[in-house]
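Since the structure comes first, as structure tokens, the remarks are kept for the end.
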Amino acid sequence: MMIRKQTEKVAADALLAERIAKVRVRFSSKLTDKIMKADAALLHMAGDGSDAVEAVASAYHWFHDVSGIGSMIGFVATGQLAKSCEAV
């Protein structure tokens, strides 16, 4: 009985590790695009118009996504830096 529980735990841990690995790949493949979009949005953040509001809101959401997911899946420094940008 104990060996079966241990085997089930090992299998569950392996499945979780596989899922996290897939999330890490998807996260890292989209990270460059999010950074480039946030960088491009900087030009539109100044001013009072709706373009400025949209640019700030979009950048906030990109940083929020990165800070929330990054740290949880092993991109700790990336998550922390995104959290700092999100706070600004």
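Residue numbering restarts at 1 in every chain; chains get A, B, ... in the order shown in the structure tokens, and ligands count up from 1 in that same order.
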Skipping near chain neighbours, those fewer than 4 positions away, what residues fall within 12 Å of region 25-27 of chain A using only C-alpha atoms, listed as a JSON list (two decimals) with N, CA and C atoms, in the first residue's frame?
[["chain", "number", "residue", "atom", "x", "y", "z"],
["A", 18, "GLU", "N", 5.87, 18.36, -15.75],
["A", 18, "GLU", "CA", 5.68, 18.44, -17.20],
["A", 18, "GLU", "C", 4.77, 19.62, -17.57],
["A", 19, "ARG", "N", 3.73, 19.82, -16.81],
["A", 19, "ARG", "CA", 2.82, 20.94, -17.07],
["A", 19, "ARG", "C", 3.51, 22.28, -16.84],
["A", 20, "ILE", "N", 4.28, 22.38, -15.77],
["A", 20, "ILE", "CA", 5.01, 23.62, -15.49],
["A", 20, "ILE", "C", 6.02, 23.89, -16.60],
["A", 21, "ALA", "N", 6.68, 22.85, -17.09],
["A", 21, "ALA", "CA", 7.65, 23.02, -18.18],
["A", 21, "ALA", "C", 6.97, 23.59, -19.42],
["A", 31, "LEU", "N", 7.35, 36.34, -23.92],
["A", 31, "LEU", "CA", 7.94, 37.41, -23.10],
["A", 31, "LEU", "C", 8.54, 38.53, -23.95],
["A", 32, "THR", "N", 9.29, 38.19, -24.97],
["A", 32, "THR", "CA", 9.92, 39.21, -25.81],
["A", 32, "THR", "C", 8.87, 40.12, -26.44],
["A", 33, "ASP", "N", 7.79, 39.53, -26.92],
["A", 33, "ASP", "CA", 6.72, 40.31, -27.53],
["A", 33, "ASP", "C", 6.10, 41.27, -26.52],
["A", 34, "LYS", "N", 5.88, 40.81, -25.30],
["A", 34, "LYS", "CA", 5.29, 41.68, -24.27],
["A", 34, "LYS", "C", 6.23, 42.83, -23.94],
["A", 62, "TRP", "N", 0.29, 43.91, -19.23],
["A", 62, "TRP", "CA", 1.42, 43.06, -19.62],
["A", 62, "TRP", "C", 2.35, 42.82, -18.43],
["A", 65, "ASP", "N", 0.68, 40.50, -15.86],
["A", 65, "ASP", "CA", 0.73, 39.09, -16.29],
["A", 65, "ASP", "C", 2.11, 38.50, -16.03],
["A", 66, "VAL", "N", 3.14, 39.23, -16.43],
["A", 66, "VAL", "CA", 4.51, 38.73, -16.28],
["A", 66, "VAL", "C", 4.88, 38.60, -14.81],
["A", 67, "SER", "N", 4.51, 39.59, -14.00],
["A", 67, "SER", "CA", 4.88, 39.52, -12.58],
["A", 67, "SER", "C", 4.12, 38.41, -11.86],
["A", 68, "GLY", "N", 2.90, 38.17, -12.25],
["A", 68, "GLY", "CA", 2.11, 37.14, -11.58],
["A", 68, "GLY", "C", 2.55, 35.74, -11.93],
["A", 69, "ILE", "N", 2.84, 35.51, -13.19],
["A", 69, "ILE", "CA", 3.18, 34.17, -13.64],
["A", 69, "ILE", "C", 4.68, 33.90, -13.52],
["A", 70, "GLY", "N", 5.48, 34.89, -13.84],
["A", 70, "GLY", "CA", 6.93, 34.70, -13.88],
["A", 70, "GLY", "C", 7.53, 34.11, -12.62],
["A", 71, "SER", "N", 7.23, 34.69, -11.50],
["A", 71, "SER", "CA", 7.81, 34.21, -10.24],
["A", 71, "SER", "C", 7.32, 32.81, -9.89],
["A", 72, "MET", "N", 6.08, 32.51, -10.24],
["A", 72, "MET", "CA", 5.51, 31.20, -9.89],
["A", 72, "MET", "C", 6.13, 30.05, -10.68],
["A", 73, "ILE", "N", 6.65, 30.33, -11.87],
["A", 73, "ILE", "CA", 7.17, 29.25, -12.70],
["A", 73, "ILE", "C", 8.69, 29.28, -12.82],
["A", 74, "GLY", "N", 9.34, 30.01, -11.94],
["A", 74, "GLY", "CA", 10.80, 29.98, -11.88],
["A", 74, "GLY", "C", 11.52, 31.16, -12.50],
["A", 75, "PHE", "N", 10.80, 32.12, -13.04],
["A", 75, "PHE", "CA", 11.42, 33.33, -13.58],
["A", 75, "PHE", "C", 11.32, 34.41, -12.51],
["A", 78, "THR", "N", 12.68, 38.03, -13.34],
["A", 78, "THR", "CA", 11.79, 38.63, -14.33],
["A", 78, "THR", "C", 10.49, 39.07, -13.69],
["A", 79, "GLY", "N", 9.94, 38.22, -12.85],
["A", 79, "GLY", "CA", 8.70, 38.55, -12.15],
["A", 79, "GLY", "C", 8.85, 39.76, -11.24]]
>> So that I can check the secondary structure, give me every residue of region 13-87 of chain A assigned alpha helix (DSSP H) by backbone DSSP, as a PyMOL selection string.
In response: chain A and resi 13-41+50-70+76-87
>> as a VMD selection string, please: the residues near Ala38 (chain A) (cut-off 9 Å, only C-alpha atoms, same-chain neighbours under 5 positions excluded).
In response: chain A and resid 33 55 to 56 58 to 60 62 to 63
>> I'd like the interatomic distance between CA of Met2 (chain A) and CA of Ala14 (chain A), to a tenth of an Å.
In response: 18.4 Å
